[in-house]
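model-v6.csv follows (CSV, C-alpha atoms):
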```csv
chain,number,residue,atom,x,y,z
A,1044,MET,CA,186.5,-66.5,52.6
A,1045,LYS,CA,184.0,-63.6,52.2
A,1046,THR,CA,182.6,-64.3,55.8
A,1047,TYR,CA,186.2,-64.3,57.1
A,1048,VAL,CA,186.9,-60.9,55.6
A,1049,ILE,CA,183.7,-59.4,57.0
A,1050,ILE,CA,184.5,-60.8,60.5
A,1051,SER,CA,188.0,-59.4,60.2
A,1052,VAL,CA,186.8,-56.0,59.3
A,1053,VAL,CA,184.3,-56.0,62.2
A,1054,LEU,CA,187.1,-57.0,64.6
A,1055,PHE,CA,189.4,-54.3,63.3
A,1056,CYS,CA,186.7,-51.7,63.7
A,1057,LEU,CA,185.9,-52.8,67.3
A,1058,ILE,CA,189.5,-52.8,68.3
A,1059,ALA,CA,190.0,-49.3,66.8
A,1060,PHE,CA,186.8,-48.0,68.4
A,1061,GLU,CA,187.8,-49.3,71.8
A,1062,ALA,CA,191.2,-47.6,71.5
A,1063,ASN,CA,189.8,-44.3,70.4
A,1064,ALA,CA,186.5,-44.0,72.3
A,1065,LYS,CA,188.3,-43.0,75.5
A,1066,ASP,CA,188.1,-39.4,76.5
A,1067,VAL,CA,191.3,-37.4,77.0
A,1068,ASN,CA,192.8,-38.5,80.4
A,1069,LEU,CA,193.3,-35.3,82.5
A,1070,GLU,CA,194.0,-35.9,86.2
A,1071,GLU,CA,192.3,-33.4,88.3
A,1072,ASN,CA,195.1,-33.0,90.8
A,1073,THR,CA,197.6,-32.4,88.0
A,1074,LEU,CA,195.4,-29.8,86.4
A,1075,GLU,CA,194.9,-28.0,89.6
A,1076,SER,CA,198.6,-27.9,90.3
A,1077,LEU,CA,199.4,-26.7,86.8
A,1078,GLU,CA,196.8,-24.0,86.9
A,1079,LYS,CA,198.0,-22.8,90.3
A,1080,ILE,CA,201.7,-22.7,89.2
A,1081,ILE,CA,200.9,-20.9,85.9
A,1082,TYR,CA,198.7,-18.3,87.7
A,1083,GLU,CA,201.2,-17.6,90.5
A,1084,TYR,CA,204.2,-17.1,88.3
A,1085,GLN,CA,202.2,-15.0,85.8
A,1086,GLU,CA,200.8,-12.9,88.7
A,1087,LYS,CA,204.4,-12.4,90.0
A,1088,ALA,CA,205.6,-11.5,86.5
A,1089,ILE,CA,202.9,-8.9,86.2
A,1090,GLU,CA,203.8,-7.4,89.5
A,1091,GLY,CA,207.4,-7.0,88.4
A,1092,MET,CA,206.6,-5.9,84.9
A,1093,PRO,CA,208.8,-2.9,83.8
A,1094,LYS,CA,206.8,0.4,83.4
A,1095,SER,CA,207.6,0.6,79.7
A,1096,VAL,CA,206.1,-2.9,79.1
A,1097,ARG,CA,203.1,-2.1,81.2
A,1098,SER,CA,202.5,1.2,79.4
A,1099,HIS,CA,202.8,-0.6,76.0
A,1100,LEU,CA,200.3,-3.3,77.1
A,1101,LEU,CA,197.9,-0.8,78.5
A,1102,SER,CA,198.0,1.1,75.2
A,1103,ILE,CA,196.6,-1.9,73.3
A,1104,ASP,CA,192.9,-2.7,73.4
A,1105,LYS,CA,192.8,-6.2,75.0
A,1106,PRO,CA,195.9,-7.8,73.4
A,1107,LYS,CA,195.2,-11.5,72.7
A,1108,SER,CA,198.7,-12.8,71.6
A,1109,ILE,CA,202.3,-12.0,71.4
A,1110,HIS,CA,201.8,-10.9,67.8
A,1111,ASP,CA,200.0,-7.8,69.2
A,1112,LEU,CA,203.2,-6.7,70.8
A,1113,LYS,CA,205.0,-4.5,68.3
A,1114,ASP,CA,207.4,-3.1,70.9
A,1115,LYS,CA,210.7,-5.1,70.8
A,1116,ASP,CA,211.4,-4.7,74.5
A,1117,SER,CA,207.9,-5.9,75.4
A,1118,VAL,CA,208.3,-9.0,73.2
A,1119,ILE,CA,211.7,-9.8,74.8
A,1120,TRP,CA,210.2,-9.4,78.3
A,1121,PHE,CA,207.1,-11.5,77.4
A,1122,GLU,CA,209.2,-14.4,76.0
A,1123,LYS,CA,211.5,-14.5,78.9
A,1124,HIS,CA,209.0,-14.2,81.8
A,1125,ILE,CA,205.8,-15.6,80.3
A,1126,ILE,CA,206.6,-18.0,77.4
A,1127,TYR,CA,209.7,-19.6,78.9
A,1128,GLY,CA,209.1,-18.7,82.6
A,1129,GLY,CA,207.9,-21.0,85.3
A,1130,GLY,CA,210.9,-22.9,86.6
A,1131,LEU,CA,211.5,-26.4,87.8
A,1132,GLU,CA,208.1,-26.8,89.5
A,1133,LEU,CA,206.3,-26.1,86.3
A,1134,SER,CA,208.5,-28.5,84.3
A,1135,GLU,CA,207.8,-31.3,86.8
A,1136,CYS,CA,204.0,-30.6,86.6
A,1137,ILE,CA,204.1,-30.7,82.8
A,1138,LYS,CA,205.8,-34.1,83.0
A,1139,LYS,CA,202.9,-35.3,85.1
A,1140,LEU,CA,200.5,-33.9,82.6
A,1141,GLU,CA,202.2,-35.7,79.7
A,1142,SER,CA,202.2,-39.0,81.6
A,1143,SER,CA,198.4,-38.5,82.3
A,1144,LEU,CA,197.7,-37.8,78.6
A,1145,ALA,CA,199.7,-40.9,77.6
A,1146,LEU,CA,197.3,-43.1,79.5
A,1147,SER,CA,194.6,-42.3,76.9
A,1148,GLY,CA,197.1,-42.4,74.1
A,1149,ASP,CA,197.2,-38.7,73.8
A,1150,ARG,CA,199.8,-35.9,73.7
A,1151,ILE,CA,200.5,-32.3,73.2
A,1152,ASN,CA,203.7,-30.8,72.0
A,1153,GLY,CA,206.0,-28.0,73.2
A,1154,GLU,CA,204.5,-25.4,70.9
A,1155,ASP,CA,201.0,-26.2,72.3
A,1156,LEU,CA,202.3,-25.6,75.9
A,1157,LEU,CA,203.8,-22.3,74.9
A,1158,SER,CA,200.5,-21.2,73.3
A,1159,ILE,CA,198.6,-22.3,76.5
A,1160,LYS,CA,200.9,-20.2,78.6
A,1161,SER,CA,200.5,-17.2,76.3
A,1162,ASP,CA,196.7,-17.5,76.1
A,1163,SER,CA,196.4,-17.9,79.9
A,1164,PHE,CA,198.5,-14.8,80.4
A,1165,PHE,CA,196.5,-12.6,78.1
A,1166,ALA,CA,193.3,-13.9,79.7
A,1167,LEU,CA,194.7,-12.9,83.1
A,1168,TRP,CA,195.8,-9.5,81.8
A,1169,ASN,CA,192.4,-8.8,80.2
A,1170,LYS,CA,190.6,-10.2,83.3
A,1171,GLU,CA,188.9,-12.9,81.2
A,1172,ASP,CA,188.2,-16.5,82.0
A,1173,PHE,CA,190.6,-19.2,80.8
A,1174,ASN,CA,189.7,-22.9,80.7
A,1175,LEU,CA,193.0,-24.7,81.1
A,1176,SER,CA,191.5,-28.2,80.9
A,1177,GLU,CA,189.5,-27.4,77.8
A,1178,SER,CA,192.6,-25.9,76.1
A,1179,ILE,CA,194.7,-28.9,76.8
A,1180,ARG,CA,191.9,-31.3,75.7
A,1181,SER,CA,191.5,-29.4,72.4
A,1182,TYR,CA,195.2,-29.7,71.6
A,1183,ALA,CA,195.2,-33.4,72.5
A,1184,ILE,CA,192.1,-34.0,70.3
A,1185,TYR,CA,193.8,-32.2,67.4
A,1186,TRP,CA,196.8,-34.5,67.6
A,1187,ARG,CA,194.6,-37.6,68.1
A,1188,GLU,CA,192.6,-36.6,64.9
A,1189,HIS,CA,195.6,-35.6,62.8
A,1190,SER,CA,198.0,-38.4,63.7
A,1191,LYS,CA,198.6,-41.2,61.2
A,1192,PRO,CA,196.1,-44.0,61.9
A,1193,PRO,CA,197.5,-46.9,64.0
A,1194,VAL,CA,196.2,-49.5,61.6
A,1195,ARG,CA,199.0,-50.5,59.2
A,1196,VAL,CA,197.5,-53.4,57.2
A,1197,SER,CA,194.1,-53.9,55.6
A,1198,PRO,CA,191.9,-56.7,57.1
A,1199,ASP,CA,191.0,-57.6,53.6
A,1200,GLY,CA,194.1,-59.4,52.6
A,1201,GLN,CA,196.5,-58.1,55.2
A,1202,ASN,CA,198.1,-55.7,52.7
A,1203,PRO,CA,200.0,-52.6,53.8
A,1204,ILE,CA,198.0,-49.4,53.8
A,1205,ASP,CA,199.6,-46.2,52.5
A,1206,TRP,CA,197.8,-43.4,54.5
A,1207,ILE,CA,198.0,-40.4,52.1
A,1208,TRP,CA,195.1,-38.0,52.4
A,1209,GLY,CA,193.1,-36.2,55.1
A,1210,LEU,CA,189.7,-34.6,54.6
A,1211,GLU,CA,188.0,-32.3,57.1
A,1212,VAL,CA,185.1,-33.6,59.1
A,1213,LYS,CA,183.2,-30.6,60.3
A,1214,SER,CA,180.9,-32.6,62.7
A,1215,ARG,CA,183.8,-33.2,65.1
A,1216,GLU,CA,186.3,-30.9,66.7
A,1217,HIS,CA,189.5,-31.0,64.6
A,1218,GLY,CA,187.8,-33.9,62.7
A,1219,VAL,CA,189.8,-35.7,60.0
A,1220,LEU,CA,188.8,-38.4,57.6
A,1221,HIS,CA,192.0,-40.3,56.8
A,1222,VAL,CA,192.0,-41.9,53.4
A,1223,GLY,CA,194.6,-44.4,52.3
A,1224,LEU,CA,195.3,-47.0,49.6
A,1225,ASP,CA,195.6,-50.7,50.0
A,1226,GLU,CA,199.1,-50.9,48.4
A,1227,LYS,CA,198.4,-54.2,46.6
A,1228,LYS,CA,194.7,-54.0,45.7
A,1229,ARG,CA,194.8,-50.2,45.1
A,1230,THR,CA,191.5,-49.8,46.8
A,1231,PHE,CA,190.6,-47.0,49.3
A,1232,VAL,CA,190.6,-47.5,53.0
A,1233,CYS,CA,189.3,-45.0,55.6
A,1234,TYR,CA,190.0,-44.3,59.2
A,1235,GLU,CA,188.2,-41.9,61.6
A,1236,TYR,CA,188.3,-41.2,65.3
A,1237,PRO,CA,186.3,-42.6,67.0
A,1238,VAL,CA,184.9,-44.9,64.3
A,1239,GLY,CA,188.0,-46.8,63.5
A,1240,LEU,CA,188.9,-48.4,60.2
A,1241,TYR,CA,186.4,-49.0,57.4
A,1242,PHE,CA,186.0,-49.4,53.7
A,1243,PRO,CA,184.3,-46.4,52.1
A,1244,GLU,CA,181.0,-46.5,50.3
A,1245,GLY,CA,178.0,-44.3,49.5
A,1246,GLU,CA,178.5,-40.6,50.2
A,1247,THR,CA,182.0,-41.2,51.7
A,1248,MET,CA,183.1,-42.8,48.4
A,1249,GLU,CA,181.5,-40.0,46.4
A,1250,ARG,CA,183.4,-37.5,48.5
A,1251,ILE,CA,186.7,-39.3,47.8
A,1252,TYR,CA,185.9,-39.1,44.1
A,1253,ARG,CA,185.0,-35.4,44.3
A,1254,GLU,CA,187.8,-34.2,46.5
A,1255,ILE,CA,190.6,-36.6,45.8
A,1256,VAL,CA,190.3,-38.6,42.6
A,1257,GLN,CA,188.9,-35.8,40.5
A,1258,ASN,CA,191.3,-33.2,42.0
A,1259,PRO,CA,194.7,-33.4,40.4
A,1260,ASP,CA,196.3,-31.4,43.2
A,1261,MET,CA,195.1,-34.0,45.7
A,1262,ALA,CA,195.4,-37.1,43.5
A,1263,LEU,CA,198.9,-36.4,42.4
A,1264,HIS,CA,200.7,-39.5,41.1
A,1265,TYR,CA,198.8,-42.0,43.3
A,1266,ILE,CA,195.7,-42.4,41.2
A,1267,GLY,CA,194.2,-41.5,37.8
A,1268,LEU,CA,192.3,-38.4,36.9
A,1269,GLY,CA,189.0,-39.9,38.0
A,1270,ARG,CA,186.3,-42.3,37.1
A,1271,LYS,CA,185.6,-43.0,33.5
A,1272,GLN,CA,182.5,-41.3,32.3
A,1273,ASN,CA,179.7,-43.4,30.8
A,1274,ARG,CA,179.9,-43.2,27.0
A,1275,ALA,CA,176.9,-43.0,24.9
A,1276,PRO,CA,176.3,-46.4,23.1
A,1277,THR,CA,177.7,-46.6,19.6
A,1278,GLU,CA,175.5,-47.9,16.7
```

I'd like the structure from this file rewritten - as structure tokens, please.
Amino acid sequence: MKTYVIISVVLFCLIAFEANAKDVNLEENTLESLEKIIYEYQEKAIEGMPKSVRSHLLSIDKPKSIHDLKDKDSVIWFEKHIIYGGGLELSECIKKLESSLALSGDRINGEDLLSIKSDSFFALWNKEDFNLSESIRSYAIYWREHSKPPVRVSPDGQNPIDWIWGLEVKSREHGVLHVGLDEKKRTFVCYEYPVGLYFPEGETMERIYREIVQNPDMALHYIGLGRKQNRAPTE
């Protein structure tokens, strides 16, 4: 039985690693088209920018986001022509991008796309470089890391896993250590991209005790206050 459990854990980890080791799928043609479309409509928007908006932007030292625009008319113009501009051609290209991302199991949401359009505009306005592919990749990695793990049952007993906590992993971009509980055995289970599923031990287990078990704000009603401290022997 013990050998079976070990083999099951290894297989689970290999499957998870294979699913997560892929890089974000970004088709070059789609990226080139998207970059061209965004640049052209933003260039056109700048050419037709009202003098009042232009004066306001020029009065700001290298604006970086819409939050730098205090003038109401400038914000309205920016949202209409930059945030929500682009037309049907852009929408079609975004659909291709989403299909491309889906091939590697990735995604970005609408808010991400609005941020990308805003960031690219201010880079253009400030005559700075903007790396579209890296920006898209970063958002995709964020959601890959922060999404609930795809493994629903523990290989040790096939019990459901309740994924509850997420701890930061500084060694990876947007890194998250997902920590869950085996609902039947009440033991901890971990999942990380690109490692996959594993049972914590050593420093990982110590970190769980420090940051979850012994932290009431994290532990909540799921577990006790922490490990019992060793008591001095009684005579």

Contacts of stretch 1079-1095 of chain A at 9 Å or less, counting all atoms listed in the file, minus same-chain residues fewer than 2 places along, as a ChimeraX atom specification?
/A:1074-1077,1097-1100,1116-1117,1120,1124-1125,1128-1129,1132-1133,1136,1160,1163-1164,1167-1168

Within 7 Å of A:Glu1226, counting all atoms listed in the file, which residues qualify if same-chain residues fewer than 3 places away don't, as a PDB file with C-alpha atoms, in the frame of the given file?
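Heads up, here's the output in selection-v2.pdb:
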```pdb
ATOM      1  CA  ASN A1202     198.100 -55.700  52.700  1.00  0.00           C
ATOM      2  CA  PRO A1203     200.000 -52.600  53.800  1.00  0.00           C
ATOM      3  CA  ILE A1204     198.000 -49.400  53.800  1.00  0.00           C
ATOM      4  CA  ASP A1205     199.600 -46.200  52.500  1.00  0.00           C
ATOM      5  CA  ARG A1229     194.800 -50.200  45.100  1.00  0.00           C
TER       6      ARG A1229
END
```

Name the residues in contact with stretch 1249-1260 of chain A at a cut-off of 12 Å, using all atoms listed in the file, excluding same-chain residues fewer than 2 positions from it; report them as a ChimeraX atom specification.
/A:1207-1212,1220-1224,1230-1233,1242-1247,1262-1272

Kindly save the residues from that selection, with C-alpha atoms included, as a PDB file, keeping the file's coordinate frame.
```pdb
ATOM      1  CA  ILE A1207     198.000 -40.400  52.100  1.00  0.00           C
ATOM      2  CA  TRP A1208     195.100 -38.000  52.400  1.00  0.00           C
ATOM      3  CA  GLY A1209     193.100 -36.200  55.100  1.00  0.00           C
ATOM      4  CA  LEU A1210     189.700 -34.600  54.600  1.00  0.00           C
ATOM      5  CA  GLU A1211     188.000 -32.300  57.100  1.00  0.00           C
ATOM      6  CA  VAL A1212     185.100 -33.600  59.100  1.00  0.00           C
ATOM      7  CA  LEU A1220     188.800 -38.400  57.600  1.00  0.00           C
ATOM      8  CA  HIS A1221     192.000 -40.300  56.800  1.00  0.00           C
ATOM      9  CA  VAL A1222     192.000 -41.900  53.400  1.00  0.00           C
ATOM     10  CA  GLY A1223     194.600 -44.400  52.300  1.00  0.00           C
ATOM     11  CA  LEU A1224     195.300 -47.000  49.600  1.00  0.00           C
ATOM     12  CA  THR A1230     191.500 -49.800  46.800  1.00  0.00           C
ATOM     13  CA  PHE A1231     190.600 -47.000  49.300  1.00  0.00           C
ATOM     14  CA  VAL A1232     190.600 -47.500  53.000  1.00  0.00           C
ATOM     15  CA  CYS A1233     189.300 -45.000  55.600  1.00  0.00           C
ATOM     16  CA  PHE A1242     186.000 -49.400  53.700  1.00  0.00           C
ATOM     17  CA  PRO A1243     184.300 -46.400  52.100  1.00  0.00           C
ATOM     18  CA  GLU A1244     181.000 -46.500  50.300  1.00  0.00           C
ATOM     19  CA  GLY A1245     178.000 -44.300  49.500  1.00  0.00           C
ATOM     20  CA  GLU A1246     178.500 -40.600  50.200  1.00  0.00           C
ATOM     21  CA  THR A1247     182.000 -41.200  51.700  1.00  0.00           C
ATOM     22  CA  ALA A1262     195.400 -37.100  43.500  1.00  0.00           C
ATOM     23  CA  LEU A1263     198.900 -36.400  42.400  1.00  0.00           C
ATOM     24  CA  HIS A1264     200.700 -39.500  41.100  1.00  0.00           C
ATOM     25  CA  TYR A1265     198.800 -42.000  43.300  1.00  0.00           C
ATOM     26  CA  ILE A1266     195.700 -42.400  41.200  1.00  0.00           C
ATOM     27  CA  GLY A1267     194.200 -41.500  37.800  1.00  0.00           C
ATOM     28  CA  LEU A1268     192.300 -38.400  36.900  1.00  0.00           C
ATOM     29  CA  GLY A1269     189.000 -39.900  38.000  1.00  0.00           C
ATOM     30  CA  ARG A1270     186.300 -42.300  37.100  1.00  0.00           C
ATOM     31  CA  LYS A1271     185.600 -43.000  33.500  1.00  0.00           C
ATOM     32  CA  GLN A1272     182.500 -41.300  32.300  1.00  0.00           C
TER      33      GLN A1272
END
```

d(atom CA of A:Pro1198, atom CA of A:Glu1216) in Å
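A separation of 28.1 Å between them.
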
List every protein, DNA or RNA residue that has an atom no more than 12 Å from (203.9, -26.2, 75.5) in the file's coordinate frame, counting all atoms listed in the file, and report them as a ChimeraX atom specification.
/A:1125-1129,1133-1134,1136-1138,1140-1141,1150-1162,1178-1179,1182-1183

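Atom CA of A:Phe1173 sits 22.3 Å away from atom CA of A:Ser1102.
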
Selected residue, from A:Glu1078, A:Ser1190, A:Lys1105, A:Ser1143, that lies nearest to A:Lys1170 when counting all atoms listed in the file
A:Lys1105

Can you tell me how far atom CA of A:Pro1237 sits from atom CA of A:Leu1146, in Å to one decimal?
16.7 Å

Here is a test: counting all atoms listed in the file, which residue of A:Leu1069, A:Val1196, A:Leu1175, A:Ile1109 is nearest to A:Gly1148?
A:Leu1069

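The environment of A:Tyr1185 within 8 Å, counting all atoms listed in the file and disregarding residues fewer than 3 places along the same chain, consists of Ser1181, Tyr1182, Glu1188, His1189, Glu1216, His1217 and Gly1218 of chain A.
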
Restore N, CA and C atoms in stretch 1223-1240 of chain A and list the result as a compact mmCIF listing (two decimals), in the frame of the given file.
```
# COMPACT_ATOMS: atom_id res chain seq x y z
N GLY A 1223 193.40 -43.76 52.79
CA GLY A 1223 194.60 -44.40 52.30
C GLY A 1223 194.32 -45.39 51.21
N LEU A 1224 195.39 -46.00 50.71
CA LEU A 1224 195.30 -47.00 49.60
C LEU A 1224 195.85 -48.32 50.09
N ASP A 1225 195.12 -49.38 49.81
CA ASP A 1225 195.60 -50.70 50.00
C ASP A 1225 196.75 -50.84 48.89
N GLU A 1226 198.01 -51.00 49.31
CA GLU A 1226 199.10 -50.90 48.40
C GLU A 1226 199.11 -52.01 47.32
N LYS A 1227 198.45 -53.12 47.59
CA LYS A 1227 198.40 -54.20 46.60
C LYS A 1227 197.14 -54.12 45.75
N LYS A 1228 195.98 -53.97 46.39
CA LYS A 1228 194.70 -54.00 45.70
C LYS A 1228 194.38 -52.59 45.06
N ARG A 1229 195.06 -51.52 45.55
CA ARG A 1229 194.80 -50.20 45.10
C ARG A 1229 193.37 -49.72 45.33
N THR A 1230 192.81 -50.21 46.44
CA THR A 1230 191.50 -49.80 46.80
C THR A 1230 191.57 -48.85 48.02
N PHE A 1231 190.55 -48.02 48.21
CA PHE A 1231 190.60 -47.00 49.30
C PHE A 1231 190.23 -47.67 50.62
N VAL A 1232 190.88 -47.16 51.65
CA VAL A 1232 190.60 -47.50 53.00
C VAL A 1232 190.49 -46.26 53.84
N CYS A 1233 189.55 -46.21 54.79
CA CYS A 1233 189.30 -45.00 55.60
C CYS A 1233 189.53 -45.28 57.08
N TYR A 1234 189.85 -44.20 57.79
CA TYR A 1234 190.00 -44.30 59.20
C TYR A 1234 189.52 -42.99 59.85
N GLU A 1235 188.67 -43.08 60.87
CA GLU A 1235 188.20 -41.90 61.60
C GLU A 1235 188.20 -42.16 63.07
N TYR A 1236 188.51 -41.12 63.86
CA TYR A 1236 188.30 -41.20 65.30
C TYR A 1236 186.84 -40.64 65.48
N PRO A 1237 185.99 -41.34 66.26
CA PRO A 1237 186.30 -42.60 67.00
C PRO A 1237 185.72 -43.82 66.32
N VAL A 1238 185.47 -43.77 65.02
CA VAL A 1238 184.90 -44.90 64.30
C VAL A 1238 185.84 -46.05 64.15
N GLY A 1239 187.07 -45.74 63.76
CA GLY A 1239 188.00 -46.80 63.50
C GLY A 1239 188.20 -46.95 61.97
N LEU A 1240 188.65 -48.12 61.57
CA LEU A 1240 188.90 -48.40 60.20
C LEU A 1240 187.67 -48.94 59.46
```
